[in-house]
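Peer 1: Dropping in my_file06.txt, which is compact mmCIF, C-alpha atoms:
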# COMPACT_ATOMS: atom_id res chain seq x y z
CA MET L 143 64.58 -71.33 -35.77
CA ALA L 144 64.54 -67.67 -36.79
CA SER L 145 61.02 -68.01 -38.19
CA VAL L 146 59.85 -69.55 -34.94
CA VAL L 147 61.26 -66.61 -32.95
CA LEU L 148 59.65 -64.13 -35.36
CA VAL L 149 56.29 -65.80 -35.01
CA ALA L 150 56.61 -65.74 -31.21
CA VAL L 151 57.44 -62.03 -31.20
CA VAL L 152 54.48 -61.23 -33.46
CA LEU L 153 52.13 -63.25 -31.28
CA GLY L 154 53.44 -61.57 -28.13
CA ALA L 155 53.03 -58.10 -29.62
CA GLY L 156 49.52 -58.90 -30.74
CA LEU L 157 48.62 -60.23 -27.29
CA TRP L 158 50.00 -57.12 -25.60
CA ALA L 159 48.12 -54.84 -28.01
CA GLY L 160 44.92 -56.74 -27.30
CA VAL L 161 45.40 -56.29 -23.56
CA LEU L 162 45.94 -52.53 -23.98
CA ILE L 163 42.88 -52.17 -26.20
CA GLY L 164 40.77 -54.14 -23.72
CA ARG L 165 41.88 -51.92 -20.84
CA ARG L 166 41.12 -48.78 -22.84
CA HIS L 167 37.59 -49.98 -23.59
CA ALA L 168 37.13 -51.04 -19.98
CA ARG L 169 37.83 -47.50 -18.71
CA PRO L 170 34.81 -45.15 -18.74
CA ALA L 171 35.19 -42.50 -21.35
CA ARG L 172 35.73 -39.04 -19.89
CA PRO L 173 32.90 -36.74 -20.88
CA ARG L 174 34.10 -33.88 -22.91
CA PRO L 175 33.01 -30.51 -21.60
CA GLU L 176 30.14 -29.13 -23.61
CA ARG L 177 31.13 -26.04 -25.44
CA ARG L 178 28.44 -23.43 -25.06
CA ARG L 179 27.92 -20.88 -27.73
CA VAL L 180 28.93 -17.42 -26.53
CA PRO L 181 26.39 -14.77 -27.55
CA THR L 182 27.68 -11.94 -29.62
CA LEU L 183 27.75 -8.37 -28.40
CA ALA L 184 24.89 -7.52 -30.72
CA GLU L 185 22.78 -10.32 -29.23
CA LEU L 186 23.52 -9.14 -25.68
CA LEU L 187 22.55 -5.59 -26.57
CA GLN L 188 19.34 -6.89 -28.11
CA ARG L 189 18.51 -8.77 -24.90
CA VAL L 190 19.14 -5.67 -22.79
CA PHE L 191 16.99 -3.62 -25.15
CA ARG L 192 14.09 -6.02 -24.82
CA SER L 193 14.27 -6.65 -21.06
CA THR L 194 14.73 -3.11 -19.74
CA GLY L 195 11.89 -1.58 -17.73
CA SER L 196 11.95 1.61 -19.79
CA GLY L 197 10.19 2.03 -23.10
CA LEU L 198 12.83 2.28 -25.83
CA ALA L 199 12.28 3.17 -29.47
CA VAL L 200 14.79 4.02 -32.20
CA LEU L 201 13.46 6.37 -34.89
CA SER L 202 14.97 7.18 -38.25
CA GLY L 203 15.26 10.66 -39.70
CA THR L 204 12.03 10.12 -41.63
CA GLY L 205 10.01 9.17 -38.54
CA ASP L 206 10.01 5.41 -39.09
CA VAL L 207 10.28 3.14 -36.08
CA VAL L 208 13.43 1.13 -36.68
CA LEU L 209 13.39 -0.77 -33.41
CA HIS L 210 11.31 -0.77 -30.22
CA ASN L 211 10.66 -3.00 -27.24
CA ARG L 212 7.36 -4.18 -25.77
CA ARG L 213 7.48 -1.60 -22.97
CA ALA L 214 7.49 1.21 -25.55
CA ALA L 215 4.19 -0.07 -26.92
CA GLU L 216 2.74 -0.40 -23.40
CA LEU L 217 3.63 3.21 -22.60
CA GLY L 218 2.21 4.49 -25.87
CA VAL L 219 5.52 5.59 -27.40
CA VAL L 220 4.72 3.42 -30.43
CA ARG L 221 1.19 2.68 -31.62
CA ALA L 222 0.44 0.52 -34.64
CA GLY L 223 4.05 0.76 -35.75
CA ARG L 224 4.06 4.59 -35.71
CA PRO L 225 5.63 6.88 -33.09
CA ASP L 226 3.54 9.15 -30.89
CA PRO L 227 3.31 12.55 -32.66
CA ARG L 228 4.68 14.31 -29.57
CA ALA L 229 7.68 11.97 -29.50
CA TRP L 230 8.33 12.52 -33.21
CA ALA L 231 8.13 16.31 -32.75
CA ALA L 232 10.75 16.05 -30.00
CA CYS L 233 12.92 13.89 -32.26
CA GLN L 234 12.80 16.58 -34.95
CA LYS L 235 14.05 19.15 -32.43
CA VAL L 236 16.94 16.85 -31.54
CA LEU L 237 17.78 16.32 -35.22
CA GLU L 238 17.82 20.09 -35.73
CA GLY L 239 20.67 20.36 -33.24
CA SER L 240 19.03 20.45 -29.82
CA THR L 241 20.44 18.47 -26.94
CA ASP L 242 18.37 15.91 -25.06
CA VAL L 243 14.69 16.87 -25.11
CA GLU L 244 12.16 15.84 -22.45
CA VAL L 245 8.57 15.33 -23.60
CA ASP L 246 5.32 14.53 -21.82
CA LEU L 247 3.66 11.47 -23.37
CA ALA L 248 0.79 11.15 -20.87
CA PRO L 249 -2.28 9.50 -22.47
CA LEU L 250 -4.71 12.07 -23.83
CA GLU L 251 -7.58 9.75 -22.93
CA VAL L 252 -7.43 7.53 -19.86
CA ARG L 253 -8.58 4.01 -20.75
CA GLY L 254 -8.38 0.98 -18.53
CA ARG L 255 -5.17 0.42 -16.60
CA GLN L 256 -2.80 2.27 -18.89
CA PRO L 257 -0.24 4.58 -17.21
CA ALA L 258 -1.60 7.98 -16.21
CA ALA L 259 1.73 9.79 -16.56
CA VAL L 260 4.53 9.02 -19.04
CA VAL L 261 7.67 11.11 -19.45
CA ALA L 262 10.21 10.48 -22.22
CA VAL L 263 13.69 11.76 -23.05
CA VAL L 264 14.81 11.94 -26.68
CA ARG L 265 18.54 11.59 -27.39
CA PRO L 266 20.49 11.74 -30.67
CA LEU L 267 22.22 8.58 -31.89
CA GLY L 268 23.93 10.14 -34.89
CA ASP L 269 23.44 9.60 -38.61
CA GLY L 270 19.85 10.86 -38.37
CA PHE L 271 18.68 8.37 -35.74
CA THR L 272 17.18 9.21 -32.34
CA LEU L 273 16.40 7.22 -29.23
CA VAL L 274 13.18 7.75 -27.27
CA GLU L 275 13.41 6.51 -23.66
CA ALA L 276 10.10 6.61 -21.78
CA ALA L 277 9.24 5.84 -18.14
CA ASP L 278 5.99 5.42 -16.24
CA MET L 279 5.75 8.24 -13.68
CA SER L 280 2.22 7.47 -12.50
CA ASP L 281 3.26 6.45 -8.98
CA ALA L 282 5.36 9.57 -8.51
CA VAL L 283 2.54 11.81 -9.75
CA ARG L 284 0.03 10.14 -7.44
CA LEU L 285 2.42 10.43 -4.50
CA GLU L 286 2.98 14.11 -5.18
CA ALA L 287 -0.78 14.71 -5.42
CA THR L 288 -1.28 12.88 -2.12
CA ARG L 289 1.45 14.96 -0.50
CA ARG L 290 -0.11 18.22 -1.69
CA ASP L 291 -3.54 17.18 -0.45
CA PHE L 292 -2.10 16.10 2.88
CA VAL L 293 -0.26 19.39 3.40
CA ALA L 294 -3.38 21.35 2.42
CA ASN L 295 -5.57 19.33 4.78
CA VAL L 296 -3.11 19.60 7.67
CA SER L 297 -2.83 23.35 7.17
CA HIS L 298 -6.61 23.71 7.20
CA GLU L 299 -7.13 21.45 10.22
CA LEU L 300 -4.43 23.21 12.25
CA LYS L 301 -5.60 26.66 11.23
CA THR L 302 -9.11 26.13 12.62
CA PRO L 303 -8.26 25.43 16.29
CA VAL L 304 -5.33 27.84 16.32
CA GLY L 305 -7.55 30.63 15.00
CA ALA L 306 -10.29 29.73 17.47
CA VAL L 307 -7.85 29.86 20.41
CA GLY L 308 -6.66 33.30 19.30
CA LEU L 309 -10.19 34.69 19.02
CA LEU L 310 -11.24 33.21 22.34
CA ALA L 311 -8.15 34.65 24.03
CA GLU L 312 -9.13 38.11 22.76
CA ALA L 313 -12.66 37.55 24.06
CA VAL L 314 -11.25 36.67 27.49
CA LEU L 315 -9.26 39.90 27.55
CA ASP L 316 -12.32 41.95 26.60
CA ALA L 317 -14.43 40.25 29.28
CA ALA L 318 -11.88 40.50 32.07
CA ASP L 319 -14.45 42.14 34.36
CA ASP L 320 -17.08 39.46 33.73
CA PRO L 321 -16.12 36.25 35.58
CA GLU L 322 -18.94 34.27 33.98
CA SER L 323 -17.84 35.14 30.44
CA VAL L 324 -14.20 34.47 31.29
CA HIS L 325 -15.16 31.03 32.60
CA ARG L 326 -17.19 30.26 29.46
CA PHE L 327 -14.45 31.40 27.07
CA ALA L 328 -11.77 29.58 29.07
CA GLY L 329 -13.74 26.35 28.70
CA LYS L 330 -13.86 26.81 24.94
CA ILE L 331 -10.13 27.52 24.83
CA LEU L 332 -9.53 24.29 26.75
CA ARG L 333 -11.63 22.30 24.28
CA GLU L 334 -9.88 23.78 21.24
CA SER L 335 -6.42 23.28 22.74
CA THR L 336 -7.31 19.67 23.58
CA ARG L 337 -8.45 19.12 20.02
CA LEU L 338 -5.25 20.72 18.71
CA GLY L 339 -3.13 18.47 20.91
CA ALA L 340 -5.03 15.37 19.76
CA LEU L 341 -4.57 16.39 16.13
CA VAL L 342 -0.82 16.84 16.52
CA THR L 343 -0.50 13.53 18.37
CA GLU L 344 -2.41 11.63 15.69
CA LEU L 345 -0.43 13.29 12.90
CA ILE L 346 2.79 12.11 14.52
CA ALA L 347 1.39 8.60 14.94
CA LEU L 348 0.19 8.49 11.34
CA SER L 349 3.52 9.72 9.98
CA ARG L 350 5.29 6.89 11.81
CA LEU L 351 2.89 4.27 10.49
CA THR L 352 2.52 5.41 6.89
CA GLY L 353 4.86 3.57 4.57
CA ALA L 354 6.31 1.46 7.37
CA GLU L 355 7.01 -2.19 6.70
CA ALA L 356 5.52 -5.04 8.69
CA LEU L 357 6.65 -4.87 12.30
CA PRO L 358 9.85 -6.94 12.70
CA ASP L 359 9.67 -7.72 16.43
CA LEU L 360 6.25 -9.08 17.32
CA GLU L 361 5.19 -10.50 20.65
CA GLU L 362 2.26 -12.65 21.60
CA VAL L 363 -0.64 -10.40 22.54
CA GLU L 364 -3.80 -11.60 24.22
CA VAL L 365 -6.85 -10.25 22.41
CA ASP L 366 -8.87 -10.08 25.64
CA GLU L 367 -6.30 -7.74 27.20
CA VAL L 368 -6.40 -5.49 24.13
CA VAL L 369 -10.19 -5.30 24.36
CA ASP L 370 -10.13 -4.56 28.09
CA GLU L 371 -7.57 -1.77 27.77
CA ALA L 372 -9.36 -0.18 24.81
CA LEU L 373 -12.65 -0.25 26.76
CA GLY L 374 -10.94 1.44 29.68
CA ARG L 375 -9.75 4.27 27.45
CA SER L 376 -13.21 4.78 25.93
CA ARG L 377 -15.29 4.39 29.10
CA LEU L 378 -15.33 8.11 29.94
CA SER L 379 -16.41 9.10 26.42
CA ALA L 380 -19.17 6.49 26.46
CA GLU L 381 -20.50 7.64 29.84
CA SER L 382 -20.44 11.29 28.74
CA ALA L 383 -22.42 10.44 25.59
CA GLY L 384 -24.81 8.08 27.37
CA ILE L 385 -23.62 5.13 25.28
CA ASP L 386 -23.74 1.59 26.64
CA ILE L 387 -20.92 -0.70 25.49
CA THR L 388 -21.61 -4.43 25.48
CA VAL L 389 -18.87 -7.02 25.19
CA ASP L 390 -18.95 -10.74 24.47
CA ALA L 391 -17.25 -13.34 26.68
CA PRO L 392 -13.43 -13.59 26.82
CA SER L 393 -12.07 -15.65 23.92
CA GLY L 394 -8.54 -16.59 24.94
CA LEU L 395 -7.33 -15.73 21.42
CA VAL L 396 -3.73 -14.69 20.84
CA VAL L 397 -2.15 -12.72 17.99
CA ALA L 398 1.39 -11.65 17.16
CA GLY L 399 1.77 -7.90 17.23
CA ASP L 400 2.44 -4.68 19.08
CA ARG L 401 0.03 -4.37 21.99
CA THR L 402 0.15 -0.56 22.18
CA LEU L 403 -0.66 -0.13 18.49
CA LEU L 404 -3.48 -2.67 18.60
CA VAL L 405 -5.04 -0.96 21.62
CA THR L 406 -4.78 2.38 19.81
CA ALA L 407 -6.52 0.98 16.73
CA LEU L 408 -9.38 -0.58 18.71
CA SER L 409 -9.76 2.58 20.82
CA ASN L 410 -10.10 4.63 17.64
CA LEU L 411 -12.86 2.33 16.40
CA LEU L 412 -14.68 2.61 19.74
CA GLU L 413 -14.37 6.40 19.83
CA ASN L 414 -15.64 6.57 16.26
CA ALA L 415 -18.63 4.36 17.12
CA ILE L 416 -19.45 6.48 20.19
CA ALA L 417 -19.15 9.75 18.26
CA TYR L 418 -21.59 8.65 15.55
CA SER L 419 -24.17 6.99 17.79
CA PRO L 420 -27.29 8.74 19.11
CA PRO L 421 -27.70 9.23 22.89
CA ASP L 422 -28.79 6.16 24.86
CA ALA L 423 -27.70 3.87 22.01
CA SER L 424 -25.38 0.91 22.41
CA VAL L 425 -22.07 -0.17 20.93
CA SER L 426 -21.00 -3.81 20.93
CA VAL L 427 -17.59 -5.46 20.76
CA SER L 428 -17.12 -9.09 19.72
CA ARG L 429 -14.20 -11.36 18.90
CA ARG L 430 -13.90 -14.67 17.13
CA LEU L 431 -11.58 -16.97 15.18
CA GLU L 432 -12.55 -17.34 11.51
CA ASP L 433 -10.51 -19.31 8.94
CA GLY L 434 -7.16 -18.57 10.56
CA TRP L 435 -8.01 -14.92 11.26
CA VAL L 436 -8.73 -13.32 14.62
CA GLU L 437 -11.59 -10.84 14.15
CA ILE L 438 -12.46 -8.02 16.57
CA ALA L 439 -15.68 -6.30 15.52
CA VAL L 440 -17.08 -2.99 16.76
CA THR L 441 -20.75 -2.39 15.91
CA ASP L 442 -22.75 0.78 16.43
CA ARG L 443 -26.41 1.66 15.84
CA GLY L 444 -25.62 5.10 14.49
CA ILE L 445 -26.29 7.04 11.30
CA GLY L 446 -24.51 4.53 9.07
CA ILE L 447 -22.37 5.26 6.04
CA ALA L 448 -23.66 5.68 2.51
CA PRO L 449 -22.15 3.28 -0.09
CA GLU L 450 -20.45 6.12 -1.99
CA HIS L 451 -18.61 7.13 1.20
CA GLN L 452 -17.57 3.67 2.36
CA VAL L 453 -14.55 3.52 0.07
CA ARG L 454 -13.25 6.83 1.45
CA VAL L 455 -13.73 6.58 5.21
CA PHE L 456 -10.14 5.38 5.69
CA GLU L 457 -8.68 8.44 3.95
CA ARG L 458 -6.96 11.06 6.06
CA PHE L 459 -9.29 13.85 7.23
CA PHE L 460 -12.32 12.41 5.46
CA ARG L 461 -15.52 12.82 7.46
CA VAL L 462 -18.95 11.49 6.60
CA ASP L 463 -20.51 14.30 8.65
CA PRO L 464 -17.91 17.10 9.12
CA ALA L 465 -20.14 19.19 11.40
CA ARG L 466 -20.85 16.28 13.74
CA SER L 467 -17.18 15.23 13.78
CA ARG L 468 -15.95 18.68 14.73
CA ALA L 469 -18.64 18.96 17.37
CA THR L 470 -17.33 15.78 19.00
CA GLY L 471 -13.70 16.83 18.66
CA GLY L 472 -12.81 14.38 15.90
CA THR L 473 -9.67 14.89 13.83
CA GLY L 474 -10.53 12.76 10.80
CA LEU L 475 -7.39 10.65 11.29
CA GLY L 476 -8.66 7.83 13.50
CA LEU L 477 -9.67 5.39 10.77
CA ALA L 478 -6.54 6.14 8.73
CA ILE L 479 -4.47 5.15 11.76
CA VAL L 480 -6.52 1.95 12.14
CA LYS L 481 -5.89 1.05 8.50
CA HIS L 482 -2.12 1.48 8.77
CA VAL L 483 -1.85 -0.33 12.13
CA LEU L 484 -3.61 -3.37 10.67
CA ALA L 485 -1.55 -3.23 7.46
CA ASN L 486 1.69 -3.19 9.46
CA HIS L 487 0.49 -6.29 11.32
CA GLY L 488 -0.23 -8.18 8.10
CA GLY L 489 -3.98 -7.77 8.62
CA GLU L 490 -6.81 -5.61 7.36
CA VAL L 491 -9.89 -3.68 8.45
CA ARG L 492 -13.31 -4.37 6.93
CA LEU L 493 -16.48 -2.33 6.95
CA TRP L 494 -20.15 -3.20 6.78
CA SER L 495 -22.61 -0.33 6.98
CA ARG L 496 -26.18 0.60 6.13
CA PRO L 497 -27.51 4.18 6.36
CA GLY L 498 -29.93 4.55 9.24
CA THR L 499 -28.99 1.15 10.67
CA GLY L 500 -25.40 1.35 11.81
CA SER L 501 -21.90 0.18 11.00
CA THR L 502 -19.54 -2.67 11.84
CA PHE L 503 -15.78 -2.20 11.63
CA THR L 504 -13.82 -5.45 11.89
CA MET L 505 -10.12 -5.71 12.69
CA ARG L 506 -8.67 -8.90 11.15
CA LEU L 507 -5.29 -10.27 12.28
CA PRO L 508 -3.51 -13.56 11.47
CA ALA L 509 -4.05 -15.94 14.36
CA THR L 510 -0.95 -17.17 16.18
CA GLY L 511 -0.20 -20.76 15.23
CA ALA L 512 -2.97 -20.86 12.61
CA ALA L 513 -2.55 -21.25 8.86
CA ALA L 514 -3.76 -17.79 8.02
CA PRO L 515 -4.11 -16.70 4.37
CA ASP L 516 -1.42 -14.51 2.91
CA PRO L 517 -2.57 -10.90 3.60
CA SER L 518 -0.28 -9.60 0.83
CA LEU L 519 -2.76 -11.02 -1.67
CA GLU L 520 -5.42 -8.64 -0.43
CA ASP L 521 -5.61 -4.88 -0.08
CA PRO L 522 -5.24 -4.04 3.64
CA ALA L 523 -7.27 -0.87 3.11
CA ALA L 524 -10.10 -2.62 1.32
CA VAL L 525 -13.68 -2.04 2.39
CA ARG L 526 -15.58 -5.29 2.30
CA ALA L 527 -18.89 -6.61 3.56
CA PRO L 528 -18.75 -9.51 6.02
CA ASP L 529 -19.83 -12.97 4.96
CA ARG L 530 -23.22 -12.44 6.54
CA ASP L 531 -25.34 -9.55 7.70
CA PRO L 532 -24.11 -8.49 11.15
CA ALA L 533 -27.73 -8.40 12.29
CA GLY L 534 -27.60 -12.17 12.48
CA ALA L 535 -24.56 -12.37 14.76
CA THR L 536 -24.47 -11.92 18.53
CA GLY L 537 -22.94 -8.63 19.55
CA ARG L 538 -22.72 -7.42 15.93
CA ALA L 539 -26.28 -6.40 15.23
CA GLY L 540 -26.66 -3.58 12.81
CA GLY L 541 -29.92 -2.27 14.25
Once more with this new file: its structure as structure tokens, please.

Peer 2:
Amino acid sequence: MASVVLVAVVLGAGLWAGVLIGRRHARPARPRPERRRVPTLAELLQRVFRSTGSGLAVLSGTGDVVLHNRRAAELGVVRAGRPDPRAWAACQKVLEGSTDVEVDLAPLEVRGRQPAAVVAVVRPLGDGFTLVEAADMSDAVRLEATRRDFVANVSHELKTPVGAVGLLAEAVLDAADDPESVHRFAGKILRESTRLGALVTELIALSRLTGAEALPDLEEVEVDEVVDEALGRSRLSAESAGIDITVDAPSGLVVAGDRTLLVTALSNLLENAIAYSPPDASVSVSRRLEDGWVEIAVTDRGIGIAPEHQVRVFERFFRVDPARSRATGGTGLGLAIVKHVLANHGGEVRLWSRPGTGSTFTMRLPATGAAAPDPSLEDPAAVRAPDRDPAGATGRAGG
């Protein structure tokens, strides 16, 4: 009897163990969290050293390059495994007891797209080692050069009409008893003061546009209304110069933008075309939709622009013919304003010109509701020839 009970207990225990094992295998195994390897502090420092935007190089007391990143080679701090002699000379000063030393590492010969200005700071690391930290200062140098040129140009342009007004005022005083001379000098004073006022106004407009981001609040603007308003502003100048302006049929095109700025840009192109056209010539305005872009073209039959000048016409104060521009009251800022207005609208301005034949300036804006190309992929200030000679297009003839 006892053996029977023992056998029953053993069988029951075995059955219960089998049930438990079956349940355990039936349950899905819980995935164990993967243990990621934590990088060491040395590895993290190495990553920072390699990924930083500055050029870093560690030099030993004997001038050997112990460690450097790729940016250091790009900036010329290290060449063929050796430090730049100017950097090594600065390191020697630091090793002799000097504090941080700044050194100019600008390339001695400009080749390709290498940085034009590189400035480095050398710091001691102790135990005879030094750290050279270099940065590309090309953009800052170019910006400073542009600022100096701009200030110099503004000073010169303002000095001319201000000086003329002063001299003419003296002439009026000297000719107080001669009504005819007073009238003549007063007319010249009026012209110079008008030119001075236009210059100040355009300088203010350009300062607001330069460096501005794309306009945040855009409204739908009808291209035909922009053309009509710009023509209204330029009608008096065209009649005074004997210029006939021809316009194509209304297009019904719409763009997203600031109407006032677009009218200003087109007016500047029209005034420029009138100023550089001979008497009794014609200026044409046309508009069309091309590959998702709305194009407004202004064509003149004037003196044209030489190829070497075409890349500079959008610079501030640049004039193809300074004498002619001053005679017509130009400020040299009109095309620069056009360039920045189009850039702020995500568009561009293009130029086609041939000396002795004429010029075509084309404003290009992304069409509303159209799949326009990304303008950020192109230079908004670029000077490009149109796809075909304007002489073959209605209203855009070059001669």

Peer 1: Nearest to Ile416 (chain L): which of L:Ala318, L:Leu250, L:Ala383, L:Leu267 is it, counting all atoms listed in the file?

Peer 2: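 Answer, going by the shortest atom-to-atom distance: L:Ala383.
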
Peer 1: Can you measure CA of Ala398 (chain L) to CA of Glu362 (chain L) for me? One decimal in Å is fine.

Peer 2: 4.6 Å

Peer 1: As number ranges by chain, please: the residues near Ala214 (chain L) (cut-off 6 Å, all atoms listed in the file, same-chain neighbours under 3 positions excluded).

Peer 2: L: 197-198, 211, 217, 219

Peer 1: Would you compute the distance between CA of Arg492 (chain L) and CA of Arg506 (chain L)? Give it in Å to one decimal.

Peer 2: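 That distance, rounded to one decimal, is 7.7 Å.
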
Peer 1: By how many Å are CA of Gly434 (chain L) and CA of Thr510 (chain L) apart?

Peer 2: 8.5 Å

Peer 1: Hey, could you make a per-residue contact list for region 372-397 of chain L against region 441-449 of chain L with 10 Å as the cut-off, showing the nearest pair of atoms and its distance in Å to one decimal, counting all atoms listed in the file, sorted by chain and number, as JSON lines?

Peer 2:
{"residue": "L:Ile385", "atom": "CA", "partner": "L:Asp442", "partner_atom": "CA", "distance": 9.9}
{"residue": "L:Ile387", "atom": "CA", "partner": "L:Asp442", "partner_atom": "CA", "distance": 9.4}
{"residue": "L:Thr388", "atom": "CA", "partner": "L:Thr441", "partner_atom": "CA", "distance": 9.8}

Peer 1: Which residue gives the smallest distance to His487 (chain L) among L:Leu507, L:Leu201, L:Ala248, L:Leu475, with only C-alpha atoms counted?

Peer 2: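 With only C-alpha atoms as the atom set, the closest residue is L:Leu507.
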
Peer 1: Using only C-alpha atoms, which of the listed residues (L:Ser409, L:Val389, L:Arg401, L:Lys235) sits closest to Arg375 (chain L)?

Peer 2: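 Result for the nearest residue to Arg375 (chain L): L:Ser409.
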
Peer 1: List the spatial neighbours of region 227-233 of chain L as a PyMOL selection string - criterion: any atom at most 12 Å away, all atoms listed in the file, same-chain residues fewer than 4 positions off excluded.

Peer 2: chain L and resi 198-207+214+217-221+237-250+260-268+270-276

Peer 1: Save the residues we just selected, C-alpha atoms, as a PDB file, in the coordinates of the input?

Peer 2:
ATOM      1  CA  LEU L 198      12.830   2.280 -25.830  1.00  0.00           C
ATOM      2  CA  ALA L 199      12.280   3.170 -29.470  1.00  0.00           C
ATOM      3  CA  VAL L 200      14.790   4.020 -32.200  1.00  0.00           C
ATOM      4  CA  LEU L 201      13.460   6.370 -34.890  1.00  0.00           C
ATOM      5  CA  SER L 202      14.970   7.180 -38.250  1.00  0.00           C
ATOM      6  CA  GLY L 203      15.260  10.660 -39.700  1.00  0.00           C
ATOM      7  CA  THR L 204      12.030  10.120 -41.630  1.00  0.00           C
ATOM      8  CA  GLY L 205      10.010   9.170 -38.540  1.00  0.00           C
ATOM      9  CA  ASP L 206      10.010   5.410 -39.090  1.00  0.00           C
ATOM     10  CA  VAL L 207      10.280   3.140 -36.080  1.00  0.00           C
ATOM     11  CA  ALA L 214       7.490   1.210 -25.550  1.00  0.00           C
ATOM     12  CA  LEU L 217       3.630   3.210 -22.600  1.00  0.00           C
ATOM     13  CA  GLY L 218       2.210   4.490 -25.870  1.00  0.00           C
ATOM     14  CA  VAL L 219       5.520   5.590 -27.400  1.00  0.00           C
ATOM     15  CA  VAL L 220       4.720   3.420 -30.430  1.00  0.00           C
ATOM     16  CA  ARG L 221       1.190   2.680 -31.620  1.00  0.00           C
ATOM     17  CA  LEU L 237      17.780  16.320 -35.220  1.00  0.00           C
ATOM     18  CA  GLU L 238      17.820  20.090 -35.730  1.00  0.00           C
ATOM     19  CA  GLY L 239      20.670  20.360 -33.240  1.00  0.00           C
ATOM     20  CA  SER L 240      19.030  20.450 -29.820  1.00  0.00           C
ATOM     21  CA  THR L 241      20.440  18.470 -26.940  1.00  0.00           C
ATOM     22  CA  ASP L 242      18.370  15.910 -25.060  1.00  0.00           C
ATOM     23  CA  VAL L 243      14.690  16.870 -25.110  1.00  0.00           C
ATOM     24  CA  GLU L 244      12.160  15.840 -22.450  1.00  0.00           C
ATOM     25  CA  VAL L 245       8.570  15.330 -23.600  1.00  0.00           C
ATOM     26  CA  ASP L 246       5.320  14.530 -21.820  1.00  0.00           C
ATOM     27  CA  LEU L 247       3.660  11.470 -23.370  1.00  0.00           C
ATOM     28  CA  ALA L 248       0.790  11.150 -20.870  1.00  0.00           C
ATOM     29  CA  PRO L 249      -2.280   9.500 -22.470  1.00  0.00           C
ATOM     30  CA  LEU L 250      -4.710  12.070 -23.830  1.00  0.00           C
ATOM     31  CA  VAL L 260       4.530   9.020 -19.040  1.00  0.00           C
ATOM     32  CA  VAL L 261       7.670  11.110 -19.450  1.00  0.00           C
ATOM     33  CA  ALA L 262      10.210  10.480 -22.220  1.00  0.00           C
ATOM     34  CA  VAL L 263      13.690  11.760 -23.050  1.00  0.00           C
ATOM     35  CA  VAL L 264      14.810  11.940 -26.680  1.00  0.00           C
ATOM     36  CA  ARG L 265      18.540  11.590 -27.390  1.00  0.00           C
ATOM     37  CA  PRO L 266      20.490  11.740 -30.670  1.00  0.00           C
ATOM     38  CA  LEU L 267      22.220   8.580 -31.890  1.00  0.00           C
ATOM     39  CA  GLY L 268      23.930  10.140 -34.890  1.00  0.00           C
ATOM     40  CA  GLY L 270      19.850  10.860 -38.370  1.00  0.00           C
ATOM     41  CA  PHE L 271      18.680   8.370 -35.740  1.00  0.00           C
ATOM     42  CA  THR L 272      17.180   9.210 -32.340  1.00  0.00           C
ATOM     43  CA  LEU L 273      16.400   7.220 -29.230  1.00  0.00           C
ATOM     44  CA  VAL L 274      13.180   7.750 -27.270  1.00  0.00           C
ATOM     45  CA  GLU L 275      13.410   6.510 -23.660  1.00  0.00           C
ATOM     46  CA  ALA L 276      10.100   6.610 -21.780  1.00  0.00           C
TER      47      ALA L 276
END

Peer 1: Using only C-alpha atoms, which residue out of L:Val208, L:Val342, L:Ala372, L:Val180 lies closest to Pro225 (chain L)?

Peer 2: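 Of L:Val208, L:Val342, L:Ala372, L:Val180, the one nearest Pro225 (chain L), counting only C-alpha atoms, is L:Val208.
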
Peer 1: Given the choices L:Leu187, L:Leu412, L:Ile438, L:Ala277, which gets closest to Leu477 (chain L) if the distance is worked out from only C-alpha atoms?

Peer 2: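 The shortest atom-to-atom distance to Leu477 (chain L) comes from L:Leu412.
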
Peer 1: Residues within 10 Å of Asp281 (chain L), please, as a count of residues only. Count only C-alpha atoms; anything in the same chain fewer than 6 positions from it doesn't count.

Peer 2: 4

Peer 1: Which one is closest to Ser382 (chain L): L:Val397, L:Leu404, L:Ala417, L:Val236? Count all atoms listed in the file.

Peer 2: L:Ala417
